[in-house]
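As stored in target00.tsv (TSV, C-alpha atoms):
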chain	number	residue	atom	x	y	z
T	1	MET	CA	22.18	3.51	24.46
T	2	ARG	CA	19.33	1.13	25.05
T	3	TYR	CA	15.72	1.97	24.52
T	4	THR	CA	12.58	0.10	25.49
T	5	SER	CA	9.13	-0.03	24.02
T	6	GLY	CA	8.04	2.07	26.95
T	7	SER	CA	10.30	4.87	25.85
T	8	VAL	CA	8.75	4.71	22.39
T	9	LEU	CA	5.32	5.17	23.86
T	10	ALA	CA	6.57	8.02	25.99
T	11	ILE	CA	8.04	9.69	22.92
T	12	ALA	CA	4.79	9.22	21.02
T	13	VAL	CA	2.76	10.73	23.83
T	14	ILE	CA	5.07	13.73	24.14
T	15	TRP	CA	5.12	14.27	20.40
T	16	SER	CA	1.36	14.27	20.20
T	17	SER	CA	1.34	17.61	22.01
T	18	THR	CA	4.68	19.11	21.01
T	19	ALA	CA	7.06	18.42	18.18
T	20	ILE	CA	10.25	16.73	19.27
T	21	SER	CA	13.38	15.51	17.59
T	22	ARG	CA	15.14	12.53	19.08
T	23	GLU	CA	16.19	9.06	18.20
T	24	VAL	CA	13.42	6.48	18.10
T	25	PRO	CA	14.32	2.91	18.88
T	26	VAL	CA	13.54	0.12	16.49
T	27	ASP	CA	14.78	-2.87	18.39
T	28	GLY	CA	14.81	-3.29	22.09
T	29	SER	CA	17.29	-6.11	21.85
T	30	THR	CA	20.08	-4.05	20.37
T	31	SER	CA	22.05	-1.25	21.84
T	32	GLY	CA	22.92	0.56	18.66
T	33	TYR	CA	23.51	0.35	14.98
T	34	VAL	CA	26.38	-1.34	13.28
T	35	ARG	CA	28.62	0.48	10.85
T	36	TYR	CA	29.27	-2.00	8.16
T	37	SER	CA	29.95	-0.67	4.72
T	38	SER	CA	31.38	2.17	2.77
T	39	GLU	CA	28.52	1.88	0.31
T	40	SER	CA	26.94	5.29	0.21
T	41	ARG	CA	23.38	3.96	0.18
T	42	ILE	CA	24.01	1.75	3.17
T	43	ALA	CA	25.64	4.63	5.00
T	44	ALA	CA	22.68	6.80	4.12
T	45	MET	CA	20.34	4.10	5.39
T	46	GLU	CA	22.22	3.93	8.65
T	47	THR	CA	22.07	7.68	9.05
T	48	SER	CA	18.40	7.57	8.32
T	49	LEU	CA	17.75	4.89	10.89
T	50	ASN	CA	19.76	6.75	13.49
T	51	THR	CA	17.85	9.93	12.92
T	52	LYS	CA	14.51	8.37	12.38
T	53	GLY	CA	12.96	10.65	14.92
T	54	ALA	CA	12.49	13.06	12.07
T	55	THR	CA	10.96	10.36	9.92
T	56	PHE	CA	8.76	9.30	12.78
T	57	ASN	CA	7.63	12.87	13.15
T	58	ARG	CA	6.30	12.75	9.62
T	59	LEU	CA	3.82	10.07	10.60
T	60	SER	CA	0.29	11.33	10.89
T	61	ARG	CA	-1.14	12.14	14.28
T	62	SER	CA	-3.66	9.34	13.86
T	63	THR	CA	-0.77	6.93	13.37
T	64	VAL	CA	0.87	8.24	16.50
T	65	ARG	CA	-2.36	7.67	18.37
T	66	LEU	CA	-2.30	4.09	17.08
T	67	VAL	CA	1.21	3.80	18.41
T	68	GLN	CA	0.01	4.97	21.77
T	69	ASN	CA	-2.62	2.28	21.73
T	70	ASP	CA	-0.16	-0.43	20.77
T	71	SER	CA	0.48	-2.48	23.85
T	72	ASP	CA	3.95	-3.51	22.73
T	73	LEU	CA	6.27	-2.19	20.07
T	74	SER	CA	9.16	-4.41	21.08
T	75	SER	CA	8.41	-6.56	18.05
T	76	ILE	CA	9.72	-3.88	15.70
T	77	GLY	CA	12.92	-5.15	14.13
T	78	ASN	CA	16.12	-3.37	13.25
T	79	PRO	CA	16.96	-3.62	9.53
T	80	ALA	CA	20.41	-2.12	10.05
T	81	ILE	CA	21.78	-5.30	11.56
T	82	ALA	CA	21.61	-9.05	10.90
T	83	PRO	CA	19.42	-10.74	10.08
T	84	LEU	CA	16.85	-8.13	9.06
T	85	LYS	CA	19.39	-6.21	7.00
T	86	TRP	CA	18.96	-9.03	4.47
T	87	ALA	CA	15.20	-8.42	4.17
T	88	GLY	CA	13.11	-5.86	2.37
T	89	LEU	CA	9.76	-4.90	0.91
T	90	LEU	CA	8.74	-6.50	-2.38
T	91	VAL	CA	6.49	-4.09	-4.28
T	92	ASN	CA	4.45	-4.93	-7.37
T	93	THR	CA	3.57	-1.49	-8.70
T	94	ASP	CA	0.31	-0.89	-10.56
T	95	ALA	CA	-0.72	-4.44	-9.78
T	96	PHE	CA	-4.45	-3.86	-10.08
T	97	GLU	CA	-6.96	-1.17	-10.99
T	98	LYS	CA	-9.92	-0.16	-8.88
T	99	ASP	CA	-12.25	2.81	-9.30
T	100	GLY	CA	-10.09	4.09	-12.12
T	101	LYS	CA	-6.96	4.14	-9.99
T	102	LYS	CA	-3.94	1.85	-10.13
T	103	TRP	CA	-2.81	0.21	-6.91
T	104	SER	CA	0.40	-1.47	-5.88
T	105	VAL	CA	0.69	-4.52	-3.64
T	106	ASN	CA	3.47	-5.53	-1.30
T	107	CYS	CA	5.01	-8.54	0.37
T	108	THR	CA	8.16	-9.34	2.30
T	109	GLY	CA	11.28	-10.85	0.73
T	110	GLN	CA	14.85	-11.61	1.76
T	111	PHE	CA	18.13	-12.57	0.17
T	112	ILE	CA	19.06	-16.24	0.53
T	113	THR	CA	22.07	-16.07	-1.78
T	114	GLU	CA	24.02	-13.13	-3.11
T	115	ARG	CA	21.48	-12.62	-5.94
T	116	VAL	CA	18.35	-14.62	-5.07
T	117	VAL	CA	15.42	-13.30	-3.02
T	118	LEU	CA	12.94	-15.68	-1.39
T	119	THR	CA	9.28	-14.75	-1.04
T	120	ALA	CA	5.84	-16.41	-1.25
T	121	ALA	CA	4.52	-17.79	-4.55
T	122	HIS	CA	1.40	-15.64	-4.26
T	123	CYS	CA	3.68	-12.59	-4.23
T	124	ILE	CA	4.81	-13.19	-7.82
T	125	GLN	CA	1.51	-14.53	-9.15
T	126	ASN	CA	-1.95	-13.10	-8.60
T	127	ASP	CA	-3.78	-15.62	-6.45
T	128	GLU	CA	-7.19	-14.78	-7.91
T	129	THR	CA	-6.48	-14.36	-11.62
T	130	GLY	CA	-3.50	-16.69	-11.95
T	131	ALA	CA	-1.58	-14.04	-13.87
T	132	PHE	CA	2.03	-13.41	-12.96
T	133	PHE	CA	2.76	-9.92	-11.72
T	134	ASP	CA	4.63	-7.89	-14.32
T	135	LEU	CA	8.34	-8.18	-13.56
T	136	ASN	CA	8.84	-4.80	-15.19
T	137	LYS	CA	6.84	-3.32	-12.35
T	138	MET	CA	8.34	-5.35	-9.51
T	139	TYR	CA	10.92	-3.86	-7.15
T	140	PHE	CA	12.68	-5.14	-4.05
T	141	LEU	CA	13.51	-2.42	-1.53
T	142	LEU	CA	16.28	-3.72	0.71
T	143	GLN	CA	16.12	-2.70	4.41
T	144	TYR	CA	12.85	-0.80	3.92
T	145	GLN	CA	11.91	0.97	7.16
T	146	TYR	CA	10.21	4.25	8.05
T	147	ASN	CA	9.90	5.24	4.41
T	148	GLU	CA	13.58	4.66	3.58
T	149	PHE	CA	15.51	1.86	1.92
T	150	SER	CA	19.14	1.23	1.10
T	151	GLN	CA	18.95	-0.22	-2.41
T	152	ALA	CA	16.28	-0.99	-4.99
T	153	TYR	CA	16.59	-4.18	-7.02
T	154	ARG	CA	14.77	-5.30	-10.14
T	155	PRO	CA	14.11	-8.92	-11.06
T	156	ILE	CA	15.82	-10.83	-13.83
T	157	CYS	CA	13.52	-13.84	-13.52
T	158	ALA	CA	11.16	-15.42	-11.01
T	159	SER	CA	10.08	-19.02	-10.50
T	160	ARG	CA	7.68	-21.13	-8.45
T	161	PHE	CA	6.58	-24.75	-8.40
T	162	ASP	CA	3.45	-25.60	-10.40
T	163	GLY	CA	2.09	-27.39	-7.36
T	164	TRP	CA	1.11	-23.95	-6.10
T	165	ARG	CA	-1.78	-23.88	-8.56
T	166	SER	CA	-3.09	-27.34	-7.69
T	167	SER	CA	-6.41	-27.73	-5.92
T	168	GLY	CA	-6.99	-28.40	-2.23
T	169	ASN	CA	-4.88	-27.45	0.73
T	170	ALA	CA	-1.93	-29.50	-0.51
T	171	HIS	CA	-0.92	-26.57	-2.70
T	172	LEU	CA	0.05	-24.58	0.39
T	173	GLN	CA	3.31	-26.52	0.65
T	174	TRP	CA	4.42	-24.81	-2.56
T	175	ASP	CA	3.74	-21.23	-1.52
T	176	TYR	CA	7.26	-20.00	-2.00
T	177	ALA	CA	9.06	-18.43	-4.93
T	178	MET	CA	12.51	-17.22	-5.78
T	179	ILE	CA	13.57	-14.16	-7.72
T	180	LEU	CA	16.95	-13.60	-9.35
T	181	MET	CA	17.85	-9.94	-8.85
T	182	ASP	CA	19.81	-7.61	-11.07
T	183	GLY	CA	22.55	-7.06	-8.53
T	184	PRO	CA	24.15	-8.64	-5.48
T	185	SER	CA	22.93	-8.05	-1.96
T	186	LEU	CA	24.92	-5.24	-0.39
T	187	THR	CA	24.33	-6.60	3.09
T	188	GLY	CA	24.59	-10.40	2.87
T	189	TYR	CA	22.02	-13.17	3.05
T	190	TYR	CA	20.31	-15.76	5.23
T	191	ASN	CA	21.10	-19.42	5.83
T	192	VAL	CA	18.36	-21.90	4.82
T	193	ALA	CA	17.51	-25.31	6.26
T	194	VAL	CA	15.52	-27.99	4.43
T	195	ASP	CA	14.15	-31.24	5.84
T	196	TRP	CA	14.71	-29.73	9.28
T	197	GLN	CA	11.96	-31.53	11.22
T	198	GLY	CA	13.31	-32.75	14.55
T	199	LYS	CA	15.98	-30.09	14.59
T	200	PHE	CA	14.03	-26.92	15.45
T	201	SER	CA	11.12	-26.38	17.80
T	202	GLY	CA	10.64	-22.66	17.31
T	203	ALA	CA	11.29	-19.81	14.92
T	204	THR	CA	10.90	-16.06	14.54
T	205	ALA	CA	8.49	-14.83	11.87
T	206	THR	CA	9.56	-11.63	10.13
T	207	GLY	CA	7.74	-9.26	7.82
T	208	TYR	CA	5.97	-5.99	7.15
T	209	PRO	CA	2.45	-6.49	8.54
T	210	GLY	CA	0.21	-3.65	7.47
T	211	ALA	CA	-1.46	-3.61	10.88
T	212	LEU	CA	1.69	-2.23	12.53
T	213	LEU	CA	2.47	1.40	11.67
T	214	GLY	CA	0.93	0.92	8.26
T	215	GLY	CA	3.52	-1.62	7.15
T	216	THR	CA	6.37	0.89	7.37
T	217	VAL	CA	8.42	-1.23	9.76
T	218	ILE	CA	9.66	-4.78	9.77
T	219	GLU	CA	8.39	-6.85	12.65
T	220	ARG	CA	9.51	-10.07	14.28
T	221	ALA	CA	7.46	-12.52	16.29
T	222	HIS	CA	8.84	-15.62	17.96
T	223	GLY	CA	6.79	-18.75	18.45
T	224	GLU	CA	6.47	-22.48	18.49
T	225	LEU	CA	6.55	-24.54	15.29
T	226	LEU	CA	3.57	-26.88	14.98
T	227	SER	CA	3.17	-29.52	12.31
T	228	ILE	CA	-0.22	-29.92	10.65
T	229	SER	CA	-1.00	-33.55	10.17
T	230	ASP	CA	-3.80	-33.15	7.61
T	231	VAL	CA	-1.89	-30.92	5.20
T	232	PRO	CA	1.34	-32.27	3.74
T	233	ASN	CA	4.50	-30.27	4.31
T	234	GLU	CA	2.75	-27.43	6.08
T	235	PHE	CA	3.61	-25.89	9.44
T	236	ALA	CA	2.04	-23.34	11.74
T	237	LEU	CA	3.95	-20.83	13.81
T	238	LYS	CA	2.18	-19.95	17.03
T	239	HIS	CA	3.63	-16.52	17.79
T	240	GLY	CA	0.54	-15.04	19.42
T	241	GLN	CA	0.73	-11.67	17.69
T	242	ALA	CA	-2.69	-10.90	16.24
T	243	LYS	CA	-1.36	-7.97	14.23
T	244	PHE	CA	1.12	-10.11	12.35
T	245	THR	CA	-1.13	-10.34	9.30
T	246	GLN	CA	-1.30	-9.09	5.71
T	247	GLY	CA	2.00	-7.75	4.41
T	248	SER	CA	4.09	-10.35	6.17
T	249	SER	CA	3.55	-12.78	3.28
T	250	GLY	CA	6.87	-14.10	2.06
T	251	GLY	CA	8.63	-13.07	5.25
T	252	ALA	CA	11.12	-15.57	6.61
T	253	TRP	CA	10.61	-17.79	9.63
T	254	VAL	CA	14.03	-17.73	11.19
T	255	ALA	CA	15.45	-20.32	13.57
T	256	ASN	CA	18.15	-19.14	15.97
T	257	PHE	CA	17.34	-15.50	15.21
T	258	GLY	CA	20.10	-13.16	16.32
T	259	ASN	CA	22.68	-10.71	15.14
T	260	LYS	CA	25.47	-13.27	14.86
T	261	VAL	CA	26.46	-13.95	11.26
T	262	ASP	CA	27.49	-17.59	11.14
T	263	ALA	CA	26.17	-20.96	10.05
T	264	ASP	CA	24.40	-21.63	13.37
T	265	HIS	CA	22.21	-18.51	13.40
T	266	ASN	CA	19.51	-16.95	11.25
T	267	ILE	CA	18.39	-20.09	9.48
T	268	ILE	CA	15.25	-19.84	7.36
T	269	VAL	CA	12.88	-22.76	7.94
T	270	SER	CA	9.80	-21.37	6.14
T	271	VAL	CA	8.08	-18.22	4.91
T	272	THR	CA	4.69	-16.79	5.85
T	273	SER	CA	2.07	-18.08	3.43
T	274	ILE	CA	-1.38	-17.52	4.86
T	275	GLY	CA	-3.16	-16.37	7.97
T	276	MET	CA	-6.66	-17.07	9.14
T	277	PRO	CA	-8.82	-14.34	10.65
T	278	LYS	CA	-10.39	-16.85	13.01
T	279	LYS	CA	-6.99	-17.93	14.26
T	280	PRO	CA	-5.15	-14.74	15.18
T	281	GLY	CA	-1.61	-15.17	16.37
T	282	LEU	CA	-0.96	-18.04	14.00
T	283	SER	CA	0.86	-17.97	10.67
T	284	PHE	CA	1.10	-20.82	8.22
T	285	GLY	CA	4.02	-21.67	5.97
T	286	PRO	CA	5.47	-24.42	3.81
T	287	TYR	CA	7.90	-27.03	5.07
T	288	LEU	CA	11.00	-26.79	2.90
T	289	THR	CA	12.34	-29.98	1.35
T	290	SER	CA	15.12	-30.84	-1.07
T	291	ASP	CA	12.94	-29.42	-3.88
T	292	PHE	CA	13.71	-26.02	-2.42
T	293	LYS	CA	17.43	-26.47	-3.04
T	294	ARG	CA	16.80	-27.58	-6.61
T	295	LEU	CA	14.67	-24.51	-7.31
T	296	LEU	CA	17.37	-22.30	-5.81
T	297	GLU	CA	19.97	-23.75	-8.15
T	298	TYR	CA	17.62	-23.34	-11.12
T	299	VAL	CA	16.84	-19.70	-10.34
T	300	GLY	CA	20.46	-18.94	-9.56
T	301	ASN	CA	21.28	-20.09	-13.08
T	302	GLY	CA	18.83	-17.59	-14.56
T	303	CYS	CA	15.65	-19.72	-14.79
T	304	PRO	CA	16.74	-21.41	-18.04
T	305	HIS	CA	14.12	-22.59	-20.55
M	1	MET	CA	17.78	8.76	-46.75
M	2	CYS	CA	21.24	8.35	-45.35
M	3	ALA	CA	22.46	5.11	-43.82
M	4	LYS	CA	22.50	6.62	-40.34
M	5	ALA	CA	18.81	7.53	-40.51
M	6	VAL	CA	17.93	4.04	-41.71
M	7	LEU	CA	19.90	2.51	-38.86
M	8	ILE	CA	18.14	4.72	-36.31
M	9	ALA	CA	14.73	3.88	-37.75
M	10	MET	CA	15.43	0.14	-37.70
M	11	THR	CA	16.78	0.27	-34.14
M	12	SER	CA	13.72	2.20	-33.04
M	13	MET	CA	11.39	-0.34	-34.64
M	14	MET	CA	13.24	-3.21	-32.99
M	15	MET	CA	13.10	-1.52	-29.57
M	16	THR	CA	9.40	-0.87	-29.96
M	17	SER	CA	8.87	-4.48	-30.84
M	18	PHE	CA	10.81	-5.71	-27.81
M	19	VAL	CA	9.06	-3.34	-25.44
M	20	ALA	CA	5.63	-4.28	-26.71
M	21	SER	CA	6.16	-7.99	-26.19
M	22	ALA	CA	5.27	-9.10	-22.70
M	23	ALA	CA	7.28	-11.93	-21.24
M	24	GLU	CA	5.25	-15.13	-21.34
M	25	PRO	CA	5.48	-17.65	-18.51
M	26	TYR	CA	7.28	-20.84	-19.44
M	27	GLN	CA	7.62	-24.24	-17.83
M	28	ALA	CA	10.65	-26.33	-17.01
M	29	LYS	CA	11.24	-29.49	-15.05
M	30	VAL	CA	13.28	-29.13	-11.89
M	31	GLY	CA	13.96	-32.49	-10.29
M	32	ASP	CA	10.62	-34.31	-10.31
M	33	GLN	CA	8.58	-31.11	-10.29
M	34	LEU	CA	7.36	-28.69	-12.92
M	35	VAL	CA	8.10	-25.04	-12.34
M	36	THR	CA	6.81	-21.97	-14.11
M	37	SER	CA	9.00	-18.93	-14.57
M	38	VAL	CA	8.80	-15.44	-15.95
M	39	THR	CA	11.68	-13.33	-17.19
M	40	ARG	CA	11.92	-9.56	-17.41
M	41	PRO	CA	12.74	-8.26	-20.87
M	42	VAL	CA	16.11	-6.55	-20.75
M	43	THR	CA	15.21	-3.74	-23.11
M	44	ARG	CA	13.18	-1.79	-20.61
M	45	GLY	CA	14.18	1.59	-19.28
M	46	LEU	CA	15.61	2.49	-15.94
M	47	GLY	CA	12.35	2.09	-14.07
M	48	LEU	CA	11.00	4.14	-11.20
M	49	GLY	CA	13.09	6.64	-9.30
M	50	ARG	CA	13.61	6.63	-5.55
M	51	GLU	CA	10.74	8.98	-4.72
M	52	GLU	CA	8.36	7.10	-7.00
M	53	LEU	CA	9.34	3.84	-5.32
M	54	LEU	CA	8.79	5.27	-1.87
M	55	GLN	CA	5.42	6.57	-2.97
M	56	ALA	CA	4.50	3.13	-4.34
M	57	ALA	CA	5.66	1.46	-1.13
M	58	ARG	CA	3.67	3.89	1.02
M	59	THR	CA	0.46	3.41	-0.88
M	60	SER	CA	0.77	-0.30	-1.64
M	61	GLN	CA	-1.66	-2.84	-0.27
M	62	PRO	CA	-0.37	-5.87	1.63
M	63	LEU	CA	-0.93	-9.27	0.05
M	64	GLN	CA	-1.97	-12.37	1.94
M	65	PRO	CA	-4.56	-14.77	0.65
M	66	VAL	CA	-7.09	-16.39	2.91
M	67	PRO	CA	-7.39	-20.10	2.14
M	68	SER	CA	-10.49	-21.18	0.28
M	69	ASN	CA	-10.56	-24.43	2.20
M	70	ALA	CA	-10.59	-24.45	5.96
M	71	LEU	CA	-7.39	-25.68	7.49
M	72	PRO	CA	-7.67	-28.43	10.10
M	73	ASP	CA	-7.47	-27.65	13.76
M	74	ILE	CA	-4.09	-26.67	14.99
M	75	PRO	CA	-2.59	-28.82	17.73
M	76	SER	CA	-3.02	-27.17	21.08
M	77	GLY	CA	-0.07	-26.08	23.11
M	78	ASN	CA	1.49	-23.05	24.63
M	79	SER	CA	3.46	-20.64	22.56
M	80	ALA	CA	7.18	-20.93	22.94
M	81	PRO	CA	8.51	-18.79	25.76
M	82	PRO	CA	10.65	-15.74	25.10
M	83	ASN	CA	13.86	-16.80	23.52
M	84	PRO	CA	16.73	-14.93	25.15
M	85	SER	CA	19.30	-17.44	23.97
M	86	ASN	CA	18.06	-17.34	20.37
M	87	ASP	CA	18.39	-21.09	20.29
M	88	ASP	CA	15.50	-22.87	18.60
M	89	ARG	CA	17.19	-26.25	18.36
M	90	ARG	CA	15.37	-29.21	19.78
Can the structure from this file be put into structure tokens for me?
Amino acid sequence: MRYTSGSVLAIAVIWSSTAISREVPVDGSTSGYVRYSSESRIAAMETSLNTKGATFNRLSRSTVRLVQNDSDLSSIGNPAIAPLKWAGLLVNTDAFEKDGKKWSVNCTGQFITERVVLTAAHCIQNDETGAFFDLNKMYFLLQYQYNEFSQAYRPICASRFDGWRSSGNAHLQWDYAMILMDGPSLTGYYNVAVDWQGKFSGATATGYPGALLGGTVIERAHGELLSISDVPNEFALKHGQAKFTQGSSGGAWVANFGNKVDADHNIIVSVTSIGMPKKPGLSFGPYLTSDFKRLLEYVGNGCPH
Amino acid sequence: MCAKAVLIAMTSMMMTSFVASAAEPYQAKVGDQLVTSVTRPVTRGLGLGREELLQAARTSQPLQPVPSNALPDIPSGNSAPPNPSNDDRR
């Protein structure tokens, strides 16, 4: 059964006046959800996604009104199938204190090997203070969507290049980090391309932008890859979605995005690093070089001293 | 004091010591670059439960720094058209 963003809006409008219970689409490009594992958590996740009308109904009426005002919800991704089933929400709990209350912060992450999650460097290290977030309070919630997730992971170690703390814009090329998790991905992992210039002209940004349904859904936004001549190893992705902002940090830019699981599809070429309020619809991310592969090997080996 | 009580007391002291010590960042050279890493002490407890994690996720704030230095102008050009073939190769 295929749904469109229009049907989502219709459902939201109807629900605003009377409670309903029906399936809510998450991805206009897919016709259903894939059964893929006997793992109980994954099965539970699938059930949850297929009955997310109930979850959707728990959203506040103000949120539903926001949905009604959203011109297009077709960017909402489906974390039950490839490639978004390899992604999740990275949460640093109790990351800072304000007005006597502790707050958590979030980013996007995704598996790039069986045990290693890729995210942005500023998602493991406080950009303002320079302090690393406490790994004891860091969790990766695989396939997070509509207040559900399939599996929670805890980090073993995390690493990023020291160039990230250098001055000037050149440090942006190092805004990625890798985290070795305490268990293998239950759903698989992405391909990664380094030194890819000349091979790909576009990519699909993915992540949990807070501006869309409060960051409860993973979004995807396709656009053109643009090199930035004045900043080394930095690219922009011109996807045109102004709401693809905070929360999408660390989310993969995926070339040949699709639900095929093979070497030719779902290839990470960068991750979202920064956005600029004056340039809505643009995300910036590092160009991955052979250093990326070396860091992956290092982290995969447990970040040895 | 019996040997069992002594053993329990010593184990407790060791656990307390481990738990109290925060993992310090450390550097290593990877290829030509320096990297800094942090490791999670393995003596911690089970961590947050499912409901606590969902609560943390719901109330968490999204991270994304705004650059302190202005980035240069972005080359002009039209956004890539919709990508029905999912083929981004040049």
Looking at T:Phe132, T:Phe292, T:Tyr190, T:Phe284, which one is nearest to Ala255 of chain T, with distances taken over all atoms listed in the file? T:Tyr190
Min atom-atom distance to chain M from the set T:Phe140, T:Trp253, T:Trp103, T:Trp196, counting all atoms listed in the file, belongs to T:Trp103
Need to verify the contact set: Tyr189 of chain T, 6 Å, all atoms listed in the file, exclusion of same-chain residues closer than 2 positions in sequence. Can you return it as number ranges by chain? T: 86, 111-113
Point (7.2, -20.5, 17.1) neighbourhood (12 Å, all atoms listed in the file) written as a ChimeraX atom specification: /T:200-206,220-227,235-241,253-257,269-270,281-285 /M:77-83,86-89
Using only C-alpha atoms, what table do you get, as a tab-separated table, when you list each residue of chain M with an atom no more than 6 Å from chain T, its nearest pair of atoms, and their distance in Å rounded to one decimal, rows by chain then rising number?
residue	atom	partner	partner_atom	distance
M:Leu34	CA	T:Asp162	CA	5.6
M:Val35	CA	T:Phe161	CA	4.2
M:Thr36	CA	T:Ser159	CA	5.7
M:Ser37	CA	T:Ser159	CA	4.2
M:Val38	CA	T:Ala158	CA	5.5
M:Thr39	CA	T:Cys157	CA	4.1
M:Arg40	CA	T:Leu135	CA	5.4
M:Ser60	CA	T:Ser104	CA	4.4
M:Gln61	CA	T:Val105	CA	4.4
M:Pro62	CA	T:Gly247	CA	4.1
M:Leu63	CA	T:Gly247	CA	5.5
M:Gln64	CA	T:Gln246	CA	5.0
M:Pro65	CA	T:Ile274	CA	5.9
M:Ser79	CA	T:Glu224	CA	5.4
M:Ala80	CA	T:Glu224	CA	4.8
M:Asn86	CA	T:Asn256	CA	4.8
M:Asp87	CA	T:Asn256	CA	4.7
M:Asp88	CA	T:Gly202	CA	5.0
M:Arg89	CA	T:Phe200	CA	4.3
M:Arg90	CA	T:Phe200	CA	5.1
What's the separation between atom CA of Lys278 of chain T and atom CA of Gly251 of chain T, in Å to one decimal place? 20.9 Å
Could you check which of T:Leu212, T:Trp174, T:Phe244, T:Gly88 is closest to Gln33 of chain M, using all atoms listed in the file? T:Trp174
Please compute the atom CA of Arg50 of chain M-atom CA of Val271 of chain T distance, one decimal, in Å.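 That distance, rounded to one decimal, is 27.5 Å.
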Could you state the separation of atom CA of Asn301 of chain T and atom CA of Ile268 of chain T in Å, given to one decimal place?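 Taking atom CA of Asn301 of chain T and atom CA of Ile268 of chain T, their separation equals 21.3 Å.
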To test the calculation: enclose all listed atoms of segment 293-304 of chain T in a box whose edges run along x, y and z, add 6 Å on each side, then state centre and edge lengths in Å to one decimal, as AutoDock Vina command-line options.
--center_x 18.0 --center_y -22.6 --center_z -10.5 --size_x 18.6 --size_y 22.0 --size_z 27.0
